[in-house]
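> Okay, handing you the structure first.
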Amino acid sequence: MIIEILNCDSEWGIGRKNGLLFRLPLDMKFFRETTTGHTVCMGENTLLSFPGSKPLRDRTNIVLSADPTHEYEGVVNVHTFEDFLCEIKKAGEHGDVFVIGGASIYRQMLPYSDKVYLTKVHKNGNAEVFYTNLDELPEFVIESEQPPQMDGDIEIQFMTYRNTAPKKIQ
């Protein structure tokens with residue numbers, strides 16, 4: 001399965017200045033536990049936003065950079081969206097693949113995604129970058145939603161959306 005995993009604010013905002021809007025320990029724990037041992041795929045800016053610009057440990061990291069001179073250590077480097085899809089398809093033969101950002105990658109991969117693990121943050125984070133409003137897409141239905149809970153002093157809600165018509169990678 002291809003699964004997008006992220007959190008968004010009350011306006012579907014996901015980022016500002018190449019960083020997260022909130023520090024959410026419960027959400028980070030969910031992300032870590034869910035993706036560890038799997039493949040994660042991302043754009044170059046997402047990799048660069050990590051501490052030391054290092055790949056996530058205990059995961060296979062696929063990174064798309066449009067610049068063919070950009071090669072990062074410890075990741076599967078690809079330089080075209082077609083190669084990105086090819087690597088995701090190969091990784092998907094061995095388990096789930098998680099799409100972890102950024103906005104352009106989320107948007108391009110959404111049609112191929114079987115599910116979206118979305119943590120809704122019940123607060124406006126004054127985002128500069130936004131995710132697609134899944135509630136406006138008829139092919140995405142809520143598969144499950146947990147009751148709202150507090151993550152520090154911020155109310156969050158874990159949701160799973162299912163794509164009823166995912167596009168297959170050729």
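Order determines the names: the first chain of the structure tokens is A, the second B, and so forth; residues in each chain are numbered 1 upward, and ligands are numbered 1 upward as they are shown.
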What's around stretch 87-92 of chain A at 10 Å? Count only C-alpha atoms, leave out sequence neighbours fewer than 2 positions away in its own chain, and write the answer as a compact mmCIF listing (two decimals) with C-alpha atoms, in the first residue's frame.

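Saved file result.txt follows:
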# COMPACT_ATOMS: atom_id res chain seq x y z
CA MET A 1 0.00 0.00 0.00
CA ILE A 2 0.98 3.60 -0.55
CA HIS A 38 9.10 0.57 6.14
CA THR A 39 10.00 2.71 3.14
CA VAL A 40 9.45 6.47 3.31
CA CYS A 41 9.52 8.65 0.21
CA THR A 60 14.48 2.97 3.52
CA ILE A 62 13.61 7.43 -1.28
CA VAL A 63 14.39 11.07 -2.11
CA VAL A 76 17.79 6.00 -2.73
CA ASN A 77 18.39 9.08 -4.91
CA VAL A 78 16.08 9.68 -7.88
CA PHE A 81 9.09 11.66 -11.02
CA GLU A 82 9.00 8.57 -13.25
CA ASP A 83 12.03 7.10 -11.44
CA PHE A 84 10.43 8.06 -8.12
CA LEU A 85 7.31 6.06 -9.04
CA HIS A 94 8.03 -5.68 0.05
CA GLY A 95 5.63 -3.69 2.25
CA ASP A 96 3.91 -0.37 2.79
CA VAL A 97 5.44 2.82 1.42
CA PHE A 98 4.82 6.05 3.30
CA VAL A 99 4.73 9.42 1.54
CA LYS A 168 -1.96 2.07 -10.12
CA ILE A 169 1.70 2.78 -10.83
CA GLN A 170 2.53 1.40 -14.28
> Write out as a PyMOL selection string all residues of chain A that backbone DSSP assigns to strand (DSSP E).
chain A and resi 2-8+13-15+39-43+60-64+76-78+97-99+115-121+129-130+140-145+149-151+154-163
> Do a neighbour search on stretch 118-122 of chain A at 7 Å with only C-alpha atoms, toss out local chain neighbours closer than 5 positions, and write the hits as a list in words.
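In the requested format, the answer is Ile5, Leu6, Asn7, Cys8, Asp9, Ser10, Glu155, Ile156, Gln157, Phe158, Met159 and Thr160 of chain A.
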> Please return, as a compact mmCIF listing (two decimals) with N, CA and C atoms, in the first residue's frame, all residues of stretch 55-131 of chain A that DSSP assigns to alpha helix (DSSP H) on the basis of the backbone.

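Saved the output as part_24.txt:
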# COMPACT_ATOMS: atom_id res chain seq x y z
N PHE A 81 10.28 12.21 -11.66
CA PHE A 81 9.09 11.66 -11.02
C PHE A 81 8.84 10.22 -11.49
N GLU A 82 9.17 9.93 -12.73
CA GLU A 82 9.00 8.57 -13.25
C GLU A 82 9.88 7.58 -12.48
N ASP A 83 11.14 7.95 -12.22
CA ASP A 83 12.03 7.10 -11.44
C ASP A 83 11.55 6.97 -10.00
N PHE A 84 11.00 8.06 -9.47
CA PHE A 84 10.43 8.06 -8.12
C PHE A 84 9.32 7.00 -8.04
N LEU A 85 8.40 7.04 -9.01
CA LEU A 85 7.31 6.06 -9.04
C LEU A 85 7.85 4.64 -9.17
N CYS A 86 8.87 4.46 -10.00
CA CYS A 86 9.46 3.14 -10.21
C CYS A 86 10.03 2.59 -8.90
N GLU A 87 10.76 3.42 -8.14
CA GLU A 87 11.33 2.98 -6.86
C GLU A 87 10.24 2.69 -5.84
N ILE A 88 9.18 3.49 -5.84
CA ILE A 88 8.06 3.27 -4.93
C ILE A 88 7.37 1.94 -5.26
N LYS A 89 7.19 1.70 -6.55
CA LYS A 89 6.56 0.43 -6.95
C LYS A 89 7.40 -0.76 -6.49
N LYS A 90 8.73 -0.68 -6.69
CA LYS A 90 9.62 -1.77 -6.25
C LYS A 90 9.54 -1.95 -4.74
N ALA A 91 9.60 -0.86 -4.00
CA ALA A 91 9.54 -0.94 -2.53
C ALA A 91 8.20 -1.49 -2.07
N GLY A 92 7.15 -1.15 -2.79
CA GLY A 92 5.81 -1.61 -2.42
C GLY A 92 5.62 -3.11 -2.54
N ALA A 103 4.78 19.28 0.20
CA ALA A 103 3.47 19.54 -0.40
C ALA A 103 3.37 19.07 -1.85
N SER A 104 4.40 19.34 -2.64
CA SER A 104 4.37 18.94 -4.05
C SER A 104 4.33 17.41 -4.19
N ILE A 105 5.11 16.72 -3.37
CA ILE A 105 5.12 15.25 -3.40
C ILE A 105 3.77 14.71 -2.95
N TYR A 106 3.22 15.26 -1.88
CA TYR A 106 1.88 14.83 -1.43
C TYR A 106 0.87 14.99 -2.57
N ARG A 107 0.89 16.14 -3.22
CA ARG A 107 -0.08 16.42 -4.29
C ARG A 107 0.08 15.45 -5.45
N GLN A 108 1.34 15.21 -5.87
CA GLN A 108 1.58 14.32 -7.01
C GLN A 108 1.26 12.86 -6.69
N MET A 109 1.48 12.46 -5.43
CA MET A 109 1.28 11.07 -5.05
C MET A 109 -0.14 10.75 -4.60
> Any idea what the distance is between atom CA of A:Asp114 and atom CA of A:Phe140?
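So the two atoms, atom CA of A:Asp114 and atom CA of A:Phe140, lie 9.4 Å apart.
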> What gap, in Å, lies between atom CA of A:Leu110 and atom CA of A:Pro166?
8.4 Å
> If we count only C-alpha atoms, what is near stretch 133-137 of chain A at a cut-off of 9 Å, once residues fewer than 6 positions away on the same chain are taken out, given as a compact mmCIF listing (two decimals) with C-alpha atoms, in the first residue's frame?

# COMPACT_ATOMS: atom_id res chain seq x y z
CA GLU A 11 -7.20 25.15 7.42
CA TRP A 12 -5.43 22.09 5.92
CA TYR A 161 -8.98 8.36 4.79
> Would you compute the distance between atom CA of A:Phe130 and atom CA of A:Gly15? Give it in Å to one decimal.
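Spanning atom CA of A:Phe130 to atom CA of A:Gly15 is a straight-line distance of 7.0 Å.
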> Taking 5 positions as the minimum chain separation for residues in the same chain, which residues sit within 10 Å of A:Lys17 when counting only C-alpha atoms? Answer as a short mmCIF file (atom, residue, chain, number, x, y, z; two decimals) with N, CA and C atoms, in the first residue's frame.

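Okay, out_31.cif is ready:
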data_model
loop_
_atom_site.label_atom_id
_atom_site.label_comp_id
_atom_site.auth_asym_id
_atom_site.auth_seq_id
_atom_site.Cartn_x
_atom_site.Cartn_y
_atom_site.Cartn_z
N SER A 49 15.03 19.25 5.74
CA SER A 49 14.42 19.79 6.96
C SER A 49 14.71 18.92 8.19
N ALA A 127 -0.18 28.64 8.31
CA ALA A 127 0.63 27.93 7.32
C ALA A 127 0.86 28.76 6.06
N GLU A 128 1.96 28.42 5.38
CA GLU A 128 2.26 28.96 4.06
C GLU A 128 2.03 27.91 2.98
N VAL A 129 2.00 26.65 3.41
CA VAL A 129 1.87 25.52 2.50
C VAL A 129 0.68 24.67 2.95
#
> What's the 10 Å shell around A:Leu56, counting only C-alpha atoms, without same-chain residues fewer than 2 positions away, as number ranges by chain?
A: 32, 35-36, 39-40, 47, 50-51, 53-54, 58-61, 74-75
> Generate the output file for the selected residues, C-alpha atoms, as a tab-separated table (two decimals), in the first residue's frame.

chain	number	residue	atom	x	y	z
A	32	ARG	CA	7.76	6.98	14.21
A	35	THR	CA	6.84	4.21	9.55
A	36	THR	CA	9.76	2.43	11.26
A	39	THR	CA	10.00	2.71	3.14
A	40	VAL	CA	9.45	6.47	3.31
A	47	LEU	CA	15.11	15.51	3.71
A	50	PHE	CA	15.53	16.80	9.11
A	51	PRO	CA	18.18	17.29	11.80
A	53	SER	CA	19.69	16.69	6.73
A	54	LYS	CA	20.10	12.98	7.53
A	58	ASP	CA	15.45	2.22	10.44
A	59	ARG	CA	13.63	3.05	7.21
A	60	THR	CA	14.48	2.97	3.52
A	61	ASN	CA	14.43	6.60	2.36
A	74	GLY	CA	22.05	6.73	2.93
A	75	VAL	CA	19.07	7.23	0.63
> Looking at only C-alpha atoms, which of A:Glu44, A:Glu33, A:Asp27, A:Glu145 is the one that sits closest to A:His70?
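Among A:Glu44, A:Glu33, A:Asp27, A:Glu145, it is A:Glu44 that comes nearest to A:His70.
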